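Before any comments, here is the structure.
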Amino acid sequence: MLIKQATVPTKWDKRFRYLFERMPFGHETIALSQWVSSQGAVRYLGEWHTHPEDYPRPSGLDRLEWNRLSAKRRDQRSMLAVIVGRKALYVELVPSSGCGSVLAALE
Ligand SMILES: [Zn+2]
């Protein structure tokens with residue numbers, strides 16, 4: 001899995017210190033255009049957001065949203081979920097049901 005591009009918040013997204021609501025405009029258009037132009041080689045992998053904590057942990061709301069998004073995937077693949085903290089990343093592969101795999105950084 002290679003992350004080729006990550007979209008940044010758009011003017012339609014709603015951003016607060018403890019909540020981020022992503023609107024599909026912009027993000028979906030970019031993902032779809034990459035998928036079409038690469039004939040399916042480049043595809044949507046998942047979502048990322050930031051947390052105002054050193055070592056981020058997913059909230060209950062994060063888990064609900066990840067499970068919902070993963071179950072929605074047409075290719076049935078696990079969704080990559082990334083939280084960017086102040087000192088570390090939290091990275092998990094979230095399947096459409098059941099527990100996900102937390103990915104650890106290489107030291
Ligand atoms: Zn979060």
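Residue numbers start at 1 in each chain; chains themselves are named A, B, ... in the order of the structure tokens; ligands are numbered from 1 in the order shown.
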
Show me a table, sorted first by chain and then by increasing residue number, of the residues of chain A having an atom at most 12 Å from ligand 1, each with its shortest atom pair and the distance in Å to one decimal, counting only C-alpha atoms and all ligand atoms and written as a tab-separated table.
residue	atom	partner	partner_atom_place_in_ligand_line	distance
A:Arg15	CA	ligand 1	1 (Zn)	11.8
A:Phe16	CA	ligand 1	1 (Zn)	11.3
A:Arg17	CA	ligand 1	1 (Zn)	10.3
A:Tyr18	CA	ligand 1	1 (Zn)	7.7
A:Leu19	CA	ligand 1	1 (Zn)	7.3
A:Phe20	CA	ligand 1	1 (Zn)	7.9
A:Glu21	CA	ligand 1	1 (Zn)	10.3
A:Arg22	CA	ligand 1	1 (Zn)	11.9
A:Glu47	CA	ligand 1	1 (Zn)	10.5
A:Trp48	CA	ligand 1	1 (Zn)	8.7
A:His49	CA	ligand 1	1 (Zn)	6.5
A:Thr50	CA	ligand 1	1 (Zn)	6.7
A:His51	CA	ligand 1	1 (Zn)	6.0
A:Pro52	CA	ligand 1	1 (Zn)	9.3
A:Glu53	CA	ligand 1	1 (Zn)	10.3
A:Tyr55	CA	ligand 1	1 (Zn)	11.8
A:Pro56	CA	ligand 1	1 (Zn)	8.1
A:Arg57	CA	ligand 1	1 (Zn)	7.5
A:Pro58	CA	ligand 1	1 (Zn)	5.3
A:Ser59	CA	ligand 1	1 (Zn)	5.5
A:Gly60	CA	ligand 1	1 (Zn)	8.4
A:Leu61	CA	ligand 1	1 (Zn)	7.2
A:Asp62	CA	ligand 1	1 (Zn)	5.0
A:Arg63	CA	ligand 1	1 (Zn)	8.5
A:Leu64	CA	ligand 1	1 (Zn)	10.5
A:Glu65	CA	ligand 1	1 (Zn)	9.5
A:Trp66	CA	ligand 1	1 (Zn)	10.0
A:Ala81	CA	ligand 1	1 (Zn)	9.8
A:Val82	CA	ligand 1	1 (Zn)	9.0
A:Ile83	CA	ligand 1	1 (Zn)	6.6
A:Val84	CA	ligand 1	1 (Zn)	9.1
A:Gly85	CA	ligand 1	1 (Zn)	9.8
A:Leu89	CA	ligand 1	1 (Zn)	11.7
A:Tyr90	CA	ligand 1	1 (Zn)	10.0
A:Val91	CA	ligand 1	1 (Zn)	11.7

Identify all residues of chain A in strand (DSSP E) (DSSP on the backbone) and supply them as a list of chain:residue names.
A:Lys14, A:Arg15, A:Phe16, A:Leu19, A:Phe20, A:Glu21, A:Gly46, A:Glu47, A:Trp48, A:His49, A:Thr50, A:Met79, A:Leu80, A:Ala81, A:Val82, A:Ile83, A:Val84, A:Leu89, A:Tyr90, A:Val91, A:Glu92, A:Leu93, A:Val94, A:Ser101, A:Val102, A:Leu103

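Residues within 10 Å of Gln5 in chain A, counting only C-alpha atoms and excluding same-chain residues fewer than 3 positions away, are Leu2, Val8, Ile30, Ala31, Gln34, Val42, Tyr44 and Leu45 of chain A.
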
Residues of the last selection are to be written out with C-alpha atoms, as an mmCIF file, in the first residue's frame.
data_model
loop_
_atom_site.group_PDB
_atom_site.id
_atom_site.type_symbol
_atom_site.label_atom_id
_atom_site.label_comp_id
_atom_site.auth_asym_id
_atom_site.auth_seq_id
_atom_site.Cartn_x
_atom_site.Cartn_y
_atom_site.Cartn_z
ATOM 1 C CA LEU A 2 1.491 3.322 -1.058
ATOM 2 C CA VAL A 8 -6.545 18.502 2.640
ATOM 3 C CA ILE A 30 -10.196 13.817 -6.681
ATOM 4 C CA ALA A 31 -10.360 10.126 -5.687
ATOM 5 C CA GLN A 34 -7.352 9.411 -9.932
ATOM 6 C CA VAL A 42 -4.811 4.314 -7.862
ATOM 7 C CA TYR A 44 -9.230 5.505 -2.343
ATOM 8 C CA LEU A 45 -7.459 4.049 0.709
#

Give me the residues near Glu92 in chain A as an NGL selection string, where near means some atom within 7 Å (using only C-alpha atoms) and where sequence neighbours in that chain fewer than 3 positions away do not count.
:A and (80-82 or 100-103)

Keeping C-alpha atoms, export the residues of the selection given above as a short mmCIF file (atom, residue, chain, number, x, y, z; two decimals), in the first residue's frame.
data_model
loop_
_atom_site.label_atom_id
_atom_site.label_comp_id
_atom_site.auth_asym_id
_atom_site.auth_seq_id
_atom_site.Cartn_x
_atom_site.Cartn_y
_atom_site.Cartn_z
CA LEU A 80 -6.90 2.84 6.13
CA ALA A 81 -7.59 5.13 9.09
CA VAL A 82 -4.90 7.59 10.16
CA GLY A 100 -9.06 -3.76 12.86
CA SER A 101 -5.28 -4.16 12.74
CA VAL A 102 -3.31 -1.36 14.39
CA LEU A 103 -0.08 -0.71 12.46
#

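Of the listed residues A:Ser97, A:Leu69, A:Lys14, A:Thr7, the one whose atoms come nearest to His27 in chain A is A:Thr7, with distances taken using only C-alpha atoms.
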
Would you mind telling me which residue in A:Ser33, A:Thr10, A:Gln39, A:Ser96 lies nearest to Asp75 in chain A when using only C-alpha atoms?
A:Ser96

Straight-line distance linking CA of Ser70 in chain A with CA of Cys99 in chain A, stated in Å to one decimal
11.8 Å

DSSP helix (DSSP H, G or I) residues within chain A, as number ranges by chain
A: 27-37, 60-72

Could you work out how far CA of Thr29 in chain A lies from CA of Trp12 in chain A, giving the answer in Å with one decimal?
13.5 Å

Shortest interatomic distance to Lys4 in chain A - which of A:Ala41, A:Ala88, A:Val36, A:Ala104, counting only C-alpha atoms:
A:Ala41
